[in-house]
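K.L.:
Enclosed is the structure file model08.cif (mmCIF, C-alpha atoms).
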data_run
#
loop_
_atom_site.label_atom_id
_atom_site.label_comp_id
_atom_site.auth_asym_id
_atom_site.auth_seq_id
_atom_site.Cartn_x
_atom_site.Cartn_y
_atom_site.Cartn_z
CA MET P 905 113.73 -173.05 296.75
CA THR P 906 115.42 -173.15 300.14
CA GLN P 907 119.12 -172.54 299.88
CA ARG P 908 121.92 -170.93 301.77
CA LEU P 909 121.91 -167.15 301.67
CA VAL P 910 124.16 -165.90 298.92
CA ASN P 911 126.25 -162.77 299.35
CA ILE P 912 125.06 -159.65 297.57
CA LEU P 913 127.23 -156.68 296.59
CA LEU P 914 125.51 -153.33 296.06
CA VAL P 915 127.50 -150.88 293.92
CA GLU P 916 125.90 -147.51 294.52
CA ASP P 917 127.29 -144.02 295.17
CA ASP P 918 124.14 -142.37 296.53
CA GLU P 919 123.88 -142.81 300.28
CA VAL P 920 120.11 -142.33 300.26
CA ASP P 921 119.74 -145.10 297.69
CA VAL P 922 122.00 -147.40 299.74
CA MET P 923 119.79 -146.74 302.76
CA ASN P 924 116.67 -147.42 300.67
CA VAL P 925 118.03 -150.79 299.53
CA LYS P 926 118.85 -151.72 303.12
CA ARG P 927 115.37 -150.65 304.28
CA ALA P 928 113.70 -152.51 301.40
CA PHE P 929 115.69 -155.66 302.28
CA SER P 930 114.60 -155.30 305.88
CA LYS P 931 110.92 -154.73 304.95
CA ASN P 932 111.00 -157.87 302.79
CA ASN P 933 112.82 -159.86 305.46
CA ILE P 934 115.75 -160.47 303.10
CA LYS P 935 118.59 -161.76 305.25
CA ASN P 936 121.32 -162.14 302.64
CA PRO P 937 124.63 -160.54 303.67
CA LEU P 938 124.78 -157.18 301.86
CA TYR P 939 128.09 -155.47 301.10
CA VAL P 940 128.30 -151.95 299.70
CA ALA P 941 130.81 -150.31 297.33
CA GLY P 942 130.52 -146.61 296.44
CA ASN P 943 131.60 -146.97 292.79
CA GLY P 944 133.09 -149.40 290.27
CA VAL P 945 136.70 -148.83 291.35
CA GLU P 946 135.88 -149.54 294.98
CA ALA P 947 133.84 -152.62 294.00
CA LEU P 948 136.70 -154.05 291.94
CA GLU P 949 139.14 -153.46 294.79
CA MET P 950 136.83 -155.29 297.17
CA LEU P 951 136.44 -158.19 294.72
CA ASP P 952 140.05 -158.39 293.50
CA ASP P 953 141.60 -158.10 296.94
CA LYS P 954 139.05 -160.55 298.33
CA ILE P 955 138.09 -158.04 301.01
CA ILE P 956 134.58 -159.46 300.85
CA PRO P 957 133.41 -163.04 300.19
CA LEU P 958 132.63 -163.63 296.54
CA PRO P 959 129.07 -162.42 295.88
CA LYS P 960 126.70 -164.40 293.65
CA ILE P 961 124.64 -161.27 292.99
CA ILE P 962 125.63 -157.70 292.23
CA ILE P 963 123.11 -154.86 292.27
CA LEU P 964 124.61 -152.15 290.11
CA ASP P 965 123.93 -148.44 289.65
CA ILE P 966 124.88 -146.91 286.29
CA ASN P 967 125.76 -143.26 286.96
CA MET P 968 128.61 -143.18 289.45
CA PRO P 969 131.86 -141.23 289.82
CA LYS P 970 135.32 -142.70 289.04
CA MET P 971 134.00 -145.77 287.22
CA ASN P 972 130.39 -146.03 286.11
CA GLY P 973 128.30 -149.19 286.02
CA ILE P 974 128.89 -150.01 282.36
CA GLU P 975 132.68 -149.62 282.69
CA PHE P 976 132.59 -151.82 285.79
CA LEU P 977 130.57 -154.48 283.95
CA LYS P 978 133.09 -154.60 281.09
CA VAL P 979 135.94 -155.27 283.53
CA LEU P 980 133.86 -157.82 285.45
CA ARG P 981 132.99 -159.81 282.33
CA GLU P 982 136.67 -160.03 281.32
CA ASN P 983 137.74 -161.41 284.69
CA GLU P 984 137.71 -165.25 284.81
CA ARG P 985 136.98 -165.37 288.54
CA LEU P 986 134.20 -162.78 288.45
CA LYS P 987 132.58 -163.07 285.03
CA ASN P 988 129.76 -165.42 285.99
CA ILE P 989 128.31 -163.21 288.76
CA SER P 990 124.64 -162.33 288.18
CA VAL P 991 124.29 -158.58 287.78
CA PHE P 992 121.04 -156.67 288.23
CA VAL P 993 121.14 -153.03 287.16
CA MET P 994 119.11 -150.74 289.40
CA THR P 995 119.24 -147.19 288.16
CA THR P 996 117.36 -143.98 287.44
CA SER P 997 118.83 -143.94 283.91
CA ASN P 998 116.08 -144.61 281.39
CA GLU P 999 118.52 -144.14 278.48
CA ASP P 1000 118.11 -146.74 275.77
CA SER P 1001 121.88 -146.69 275.16
CA ASP P 1002 122.51 -147.77 278.78
CA LYS P 1003 119.97 -150.61 278.48
CA ILE P 1004 121.55 -151.85 275.24
CA LYS P 1005 125.09 -151.72 276.68
CA ALA P 1006 123.99 -153.46 279.89
CA TYR P 1007 122.18 -156.29 278.08
CA ASN P 1008 125.08 -156.70 275.66
CA LEU P 1009 127.17 -157.33 278.78
CA ASN P 1010 124.52 -159.87 279.84
CA VAL P 1011 122.98 -158.41 282.94
CA ALA P 1012 120.14 -160.53 284.31
CA GLY P 1013 117.82 -157.55 284.48
CA TYR P 1014 117.66 -153.77 284.13
CA ILE P 1015 115.39 -152.22 286.72
CA LEU P 1016 114.40 -148.56 286.94
CA LYS P 1017 114.34 -147.28 290.50
CA PRO P 1018 110.72 -146.43 291.25
CA LEU P 1019 110.12 -142.92 292.53
CA SER P 1020 108.27 -143.95 295.69
CA PHE P 1021 109.76 -146.07 298.46
CA GLU P 1022 106.60 -148.21 298.63
CA LYS P 1023 106.96 -149.17 294.97
CA PHE P 1024 110.66 -149.79 295.50
CA VAL P 1025 109.84 -152.27 298.29
CA VAL P 1026 107.50 -154.11 295.88
CA SER P 1027 110.19 -154.25 293.18
CA VAL P 1028 112.73 -155.65 295.66
CA SER P 1029 110.17 -158.24 296.78
CA THR P 1030 109.63 -159.32 293.15
CA LEU P 1031 113.39 -159.52 292.66
CA ASN P 1032 113.78 -161.61 295.80
CA ASN P 1033 111.02 -164.00 294.72
CA PHE P 1034 112.91 -164.47 291.45
CA TRP P 1035 116.20 -165.09 293.30
CA GLN P 1036 114.44 -167.77 295.34
CA LEU P 1037 113.64 -169.64 292.12
CA CYS P 1038 117.25 -169.56 290.94
CA GLU P 1039 120.12 -171.86 291.72
CA MET P 1040 123.22 -169.74 291.98
CA MET L 676 106.57 -153.51 275.71
CA ARG L 677 107.32 -153.35 272.00
CA ASN L 678 109.09 -156.67 271.73
CA SER L 679 106.76 -159.36 272.90
CA ASN L 680 108.20 -162.70 271.84
CA ILE L 681 109.54 -165.50 274.00
CA LEU L 682 111.16 -168.62 272.59
CA LEU L 683 110.91 -171.83 274.61
CA VAL L 684 113.34 -174.60 273.64
CA ASP L 685 112.17 -177.87 275.11
CA SER L 686 111.80 -181.34 273.60
CA CYS L 687 109.26 -182.61 276.14
CA LYS L 688 105.77 -182.15 274.72
CA ALA L 689 104.03 -182.48 278.10
CA ASP L 690 106.27 -179.74 279.52
CA PHE L 691 105.74 -177.24 276.76
CA GLU L 692 102.00 -177.86 276.87
CA ASN L 693 102.13 -177.05 280.59
CA VAL L 694 104.12 -173.90 279.90
CA LYS L 695 101.54 -172.81 277.30
CA LYS L 696 98.76 -173.46 279.79
CA ALA L 697 100.58 -171.47 282.50
CA PHE L 698 101.10 -168.54 280.07
CA ASN L 699 97.36 -168.52 279.32
CA GLU L 700 96.33 -168.75 282.95
CA ILE L 701 98.48 -165.87 284.17
CA ASP L 702 97.94 -163.76 281.07
CA VAL L 703 101.59 -163.35 280.10
CA LYS L 704 101.94 -160.42 277.70
CA PHE L 705 104.53 -162.21 275.58
CA THR L 706 103.78 -164.44 272.61
CA LEU L 707 105.20 -167.90 273.20
CA HIS L 708 107.03 -169.72 270.41
CA VAL L 709 108.27 -173.27 270.85
CA ALA L 710 111.26 -175.08 269.35
CA GLN L 711 111.97 -178.71 270.15
CA ASN L 712 115.76 -178.62 269.74
CA ASP L 713 118.71 -176.30 269.08
CA THR L 714 118.49 -176.64 265.28
CA GLU L 715 114.83 -175.68 265.21
CA ALA L 716 115.51 -172.83 267.67
CA TRP L 717 118.34 -171.47 265.54
CA LEU L 718 116.12 -171.38 262.47
CA MET L 719 113.63 -169.36 264.50
CA LEU L 720 116.33 -166.95 265.72
CA GLN L 721 118.37 -166.55 262.55
CA GLY L 722 117.14 -168.82 259.79
CA ASP L 723 114.19 -169.41 257.51
CA ASN L 724 111.65 -169.42 260.34
CA LYS L 725 112.97 -166.24 261.94
CA ILE L 726 110.66 -164.75 264.55
CA SER L 727 110.22 -161.01 264.23
CA PRO L 728 111.09 -159.09 266.30
CA ILE L 729 113.87 -161.24 267.74
CA PRO L 730 112.78 -162.61 271.15
CA LYS L 731 114.30 -160.75 274.08
CA ILE L 732 113.78 -163.83 276.26
CA VAL L 733 114.72 -167.46 275.55
CA LEU L 734 113.89 -170.33 277.90
CA ILE L 735 116.00 -173.47 277.43
CA ASP L 736 116.05 -176.91 279.01
CA ILE L 737 119.80 -177.47 278.55
CA ASN L 738 119.85 -180.97 279.99
CA GLU L 739 117.59 -182.71 277.51
CA GLU L 740 120.01 -184.48 275.22
CA SER L 741 118.14 -183.80 272.01
CA VAL L 742 117.98 -180.07 272.78
CA ASN L 743 121.77 -179.47 272.82
CA GLY L 744 121.21 -176.33 274.87
CA ILE L 745 124.80 -175.34 275.67
CA ASN L 746 125.60 -175.37 271.97
CA LEU L 747 122.62 -173.08 271.32
CA LEU L 748 123.60 -170.80 274.20
CA ASN L 749 127.14 -170.52 272.84
CA LYS L 750 125.84 -169.57 269.40
CA ILE L 751 123.50 -166.95 270.89
CA ARG L 752 126.29 -165.38 272.93
CA ILE L 753 128.67 -164.91 270.01
CA HIS L 754 126.09 -163.61 267.54
CA PRO L 755 126.03 -159.77 267.43
CA ASP L 756 122.24 -159.58 267.01
CA LEU L 757 121.43 -162.23 269.61
CA LYS L 758 124.04 -161.88 272.35
CA SER L 759 121.90 -159.54 274.47
CA ILE L 760 119.01 -162.04 274.76
CA LEU L 761 117.99 -162.90 278.32
CA VAL L 762 118.34 -166.66 278.62
CA PHE L 763 116.69 -168.57 281.45
CA VAL L 764 117.57 -172.22 281.96
CA ILE L 765 114.65 -174.27 283.21
CA THR L 766 115.51 -177.90 283.73
CA ARG L 767 114.52 -180.99 285.67
CA THR L 768 117.83 -182.84 285.53
CA ASP L 769 120.92 -182.05 287.58
CA ASN L 770 124.07 -181.69 285.54
CA GLU L 771 126.77 -179.66 287.31
CA ARG L 772 128.92 -179.37 284.19
CA ASN L 773 126.09 -177.91 282.13
CA LYS L 774 125.09 -175.65 284.99
CA ALA L 775 128.61 -174.21 285.32
CA ALA L 776 128.85 -173.79 281.54
CA ALA L 777 125.49 -171.98 281.43
CA LEU L 778 126.41 -169.68 284.33
CA ASN L 779 129.69 -168.85 282.59
CA LEU L 780 127.66 -167.86 279.55
CA ASN L 781 125.78 -165.38 281.75
CA ILE L 782 122.32 -166.82 281.77
CA ALA L 783 119.79 -164.72 283.70
CA GLY L 784 118.75 -167.65 285.89
CA TYR L 785 119.16 -171.41 286.37
CA MET L 786 115.94 -172.89 287.67
CA HIS L 787 114.36 -176.23 288.42
CA LYS L 788 111.42 -177.12 286.23
CA PRO L 789 108.25 -177.63 288.28
CA ASP L 790 106.79 -181.14 288.33
CA ASP L 791 103.16 -180.48 287.56
CA SER L 792 100.82 -178.05 285.89
CA LYS L 793 99.77 -176.21 289.08
CA LYS L 794 103.37 -175.67 290.20
CA MET L 795 104.25 -174.60 286.65
CA THR L 796 101.65 -171.82 286.86
CA ASP L 797 102.98 -170.60 290.24
CA PHE L 798 106.52 -170.73 288.87
CA PHE L 799 105.70 -168.67 285.77
CA SER L 800 103.66 -166.27 287.84
CA ILE L 801 106.83 -165.33 289.79
CA LEU L 802 108.90 -165.23 286.61
CA ASN L 803 106.30 -163.08 284.86
CA ASP L 804 106.27 -160.61 287.78
CA TYR L 805 110.03 -160.37 287.37
CA TRP L 806 109.76 -159.81 283.60
CA ASN L 807 107.28 -157.04 284.32
CA ILE L 808 109.67 -155.05 286.52
CA ILE L 809 112.63 -155.18 284.15
CA GLU L 810 113.19 -152.77 281.32
CA PHE L 811 114.07 -153.80 277.81
CA SER L 812 115.66 -151.59 275.19
CA SER L 813 113.28 -150.32 272.54
CA GLU L 814 115.78 -151.22 269.82
CA LYS L 815 114.05 -153.20 267.06
CA LYS L 816 115.59 -155.52 264.52
#
Could you quickly redo this structure as structure tokens?
P.N.:
Amino acid sequence: MTQRLVNILLVEDDEVDVMNVKRAFSKNNIKNPLYVAGNGVEALEMLDDKIIPLPKIIILDINMPKMNGIEFLKVLRENERLKNISVFVMTTSNEDSDKIKAYNLNVAGYILKPLSFEKFVVSVSTLNNFWQLCEM
Amino acid sequence: MRNSNILLVDSCKADFENVKKAFNEIDVKFTLHVAQNDTEAWLMLQGDNKISPIPKIVLIDINEESVNGINLLNKIRIHPDLKSILVFVITRTDNERNKAAALNLNIAGYMHKPDDSKKMTDFFSILNDYWNIIEFSSEKK
């Protein structure tokens, strides 16, 4: 479905992973504006203070300093202005407890970061194809 | 994947036949169950016709009047055993009020229902690829 490009916020503390997401976006010709926050606290500041335009999609890491992904999600879901944002977890955590907590907070998907960059590019392509189907 | 059930809630027989056909053509690993309205769906999620294990994915056409999809979505979201279900809205009718209500109830996606059988297969092929890259918890009920 052709639609305007929605803003995406990536909440990720690892600089290499941030770079990989940017490279995977570029490889897949994904032109959506991408904003980056280094942890949950920084993301909430950016969203609360309206430093960035309201994103329709958040890509969220789980293990981060200051405020991890699950803590961030809890705050997000209690905020009237922010609670309906689609959140996609992208993490190396294969812990069942993290998956259960994330789905209980209604993430749209929980994706394990593949070990190779090539596989990561494929996962991001699949994700983008799904986003194209959705009305945000 | 240990949990392999999907519940489709749709009152249009032609549509759910097309969905079944698409699932067969693209070899979806999930077992498809169909309910024609919210009451029937609830019995399959929590009542006498309970599907086991509980589906991790529910597809609802919220804009078909007889389905009463927003009511079903509300009930899913407040039930402790069901609230984590991934709900995808697939609909042919525009209804901004229902769309906003569904997004506020944190559906995983709001999508337009394809018009014909061929497009339905392409549509579910993309959706199935997405289902294949996401992880589900291994928790069983």
K.L.:
Could you build a table of the residues in chain P lying no more than 9 Å from chain L, giving for each the nearest pair of atoms and their separation in Å rounded to one decimal place, using only C-alpha atoms, ordered by chain and ascending residue number, as a Markdown table?
P.N.:
| residue | atom | partner | partner_atom | distance |
| --- | --- | --- | --- | --- |
| P:Met905 | CA | L:His787 | CA | 8.9 |
| P:Lys987 | CA | L:Asn779 | CA | 6.9 |
| P:Asn988 | CA | L:Asn779 | CA | 4.8 |
| P:Ile989 | CA | L:Asn781 | CA | 7.8 |
| P:Ser990 | CA | L:Ala783 | CA | 7.0 |
| P:Val991 | CA | L:Ala783 | CA | 8.6 |
| P:Asn998 | CA | L:Glu810 | CA | 8.7 |
| P:Glu999 | CA | L:Ser812 | CA | 8.6 |
| P:Asp1000 | CA | L:Ser812 | CA | 5.5 |
| P:Ser1001 | CA | L:Ser812 | CA | 7.9 |
| P:Asp1002 | CA | L:Ser812 | CA | 8.6 |
| P:Lys1003 | CA | L:Ser812 | CA | 5.5 |
| P:Ile1004 | CA | L:Ser812 | CA | 5.9 |
| P:Lys1005 | CA | L:Ser759 | CA | 8.7 |
| P:Ala1006 | CA | L:Ser759 | CA | 8.4 |
| P:Tyr1007 | CA | L:Ser759 | CA | 4.9 |
| P:Asn1008 | CA | L:Ser759 | CA | 4.4 |
| P:Leu1009 | CA | L:Ser759 | CA | 7.2 |
| P:Asn1010 | CA | L:Asn781 | CA | 6.0 |
| P:Val1011 | CA | L:Ala783 | CA | 7.1 |
| P:Ala1012 | CA | L:Ala783 | CA | 4.2 |
| P:Gly1013 | CA | L:Ile809 | CA | 5.7 |
| P:Tyr1014 | CA | L:Ile809 | CA | 5.2 |
| P:Ile1015 | CA | L:Ile809 | CA | 4.8 |
| P:Leu1016 | CA | L:Glu810 | CA | 7.1 |
| P:Ser1027 | CA | L:Ile808 | CA | 6.7 |
| P:Thr1030 | CA | L:Tyr805 | CA | 5.9 |
| P:Leu1031 | CA | L:Tyr805 | CA | 6.3 |
| P:Asn1033 | CA | L:Ile801 | CA | 6.6 |
| P:Phe1034 | CA | L:Leu802 | CA | 6.3 |
| P:Trp1035 | CA | L:Gly784 | CA | 8.2 |
| P:Leu1037 | CA | L:Met786 | CA | 6.0 |
| P:Cys1038 | CA | L:Met786 | CA | 4.8 |
| P:Glu1039 | CA | L:Tyr785 | CA | 5.5 |
| P:Met1040 | CA | L:Tyr785 | CA | 7.1 |
K.L.:
Which value, in Å to one decimal, gives the distance between atom CA of L:Ile701 and atom CA of L:Ser679?
P.N.:
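Separation of atom CA of L:Ile701 and atom CA of L:Ser679: 15.4 Å.
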K.L.:
Please measure the separation of atom CA of P:Pro937 and atom CA of P:Asn911, giving the value in Å to one decimal.
P.N.:
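Computing it gives 5.1 Å between the two atoms.
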K.L.:
Please measure the separation of atom CA of L:Trp717 and atom CA of L:Lys688, giving the value in Å to one decimal.
P.N.:
18.9 Å
K.L.:
Starting from the shown file, work through the PyMOL selection byres ((chain P and resi 918-928) around 8) and note down what comes out as a PyMOL selection string.
P.N.:
chain P and resi 914+916-917+929-932+940+942+1021+1024-1025+1028
K.L.:
May I have the residues within 6 Å of stretch 691-697 of chain L as a VMD selection string, using all atoms listed in the file and disregarding those fewer than 2 positions away in the same chain?
P.N.:
chain L and resid 688 to 689 699 to 700 792 796
K.L.:
Go ahead and write the selection's residues with C-alpha atoms as an mmCIF file, in the frame of the given file.
P.N.:
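Now in out.cif:
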data_model
loop_
_atom_site.group_PDB
_atom_site.id
_atom_site.type_symbol
_atom_site.label_atom_id
_atom_site.label_comp_id
_atom_site.auth_asym_id
_atom_site.auth_seq_id
_atom_site.Cartn_x
_atom_site.Cartn_y
_atom_site.Cartn_z
ATOM 1 C CA LYS L 688 105.770 -182.150 274.720
ATOM 2 C CA ALA L 689 104.030 -182.480 278.100
ATOM 3 C CA ASN L 699 97.360 -168.520 279.320
ATOM 4 C CA GLU L 700 96.330 -168.750 282.950
ATOM 5 C CA SER L 792 100.820 -178.050 285.890
ATOM 6 C CA THR L 796 101.650 -171.820 286.860
#
K.L.:
Write out as a list in words which residues come within 10 Å of L:Asn746 when counting all atoms listed in the file, dropping same-chain ones fewer than 6 positions away.
P.N.:
Asp713, Thr714 and Ile737 of chain L
K.L.:
Since I can't run it myself right now, could you work out what the PyMOL selection byres ((chain P and resi 945) around 10) selects here and report it as number ranges by chain?
P.N.:
P: 915, 941-944, 946-951, 969-973, 975-976
K.L.:
Show me, as lines of an AutoDock Vina configuration file, the centre and edge lengths in Å to one decimal of the axis-aligned box that covers every listed atom of stretch 770-787 of chain L with 3 Å on each side.
P.N.:
center_x = 122.0
center_y = -173.2
center_z = 284.0
size_x = 21.3
size_y = 23.0
size_z = 14.9
K.L.:
Rank nothing, just name the residue among P:Asn967, P:Asn936, P:Pro959, P:Asp952 nearest to P:Asn983, using only C-alpha atoms.
P.N.:
P:Asp952
K.L.:
Which residues, protein or nucleic acid, reach to within 12 Å of (109.4, -182.5, 277.3) in the file's coordinates when using all atoms listed in the file, and can you give that as an MDAnalysis selection string?
P.N.:
chainID L and resid 683:694 709:712 735:742 765:768 788 790
K.L.:
Can you turn the PyMOL selection byres ((chain P and resi 909) around 10) into a concrete residue list for this file, as a ChimeraX atom specification?
P.N.:
/P:906-908,910-912,934-937,960,1036
K.L.:
Next, dump the selected residues to file, keeping only C-alpha atoms, as a PDB file, keeping the file's coordinate frame.
P.N.:
ATOM      1  CA  THR P 906     115.420-173.150 300.140  1.00  0.00           C
ATOM      2  CA  GLN P 907     119.120-172.540 299.880  1.00  0.00           C
ATOM      3  CA  ARG P 908     121.920-170.930 301.770  1.00  0.00           C
ATOM      4  CA  VAL P 910     124.160-165.900 298.920  1.00  0.00           C
ATOM      5  CA  ASN P 911     126.250-162.770 299.350  1.00  0.00           C
ATOM      6  CA  ILE P 912     125.060-159.650 297.570  1.00  0.00           C
ATOM      7  CA  ILE P 934     115.750-160.470 303.100  1.00  0.00           C
ATOM      8  CA  LYS P 935     118.590-161.760 305.250  1.00  0.00           C
ATOM      9  CA  ASN P 936     121.320-162.140 302.640  1.00  0.00           C
ATOM     10  CA  PRO P 937     124.630-160.540 303.670  1.00  0.00           C
ATOM     11  CA  LYS P 960     126.700-164.400 293.650  1.00  0.00           C
ATOM     12  CA  GLN P1036     114.440-167.770 295.340  1.00  0.00           C
TER      13      GLN P1036
END
K.L.:
Could you tell me, as a list in words, which residues have any atom at most 8 Å from (105.8, -168.5, 266.5), counting all atoms listed in the file?
P.N.:
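Selection result: Thr706, Leu707, His708, Val709 and Ile726 of chain L.
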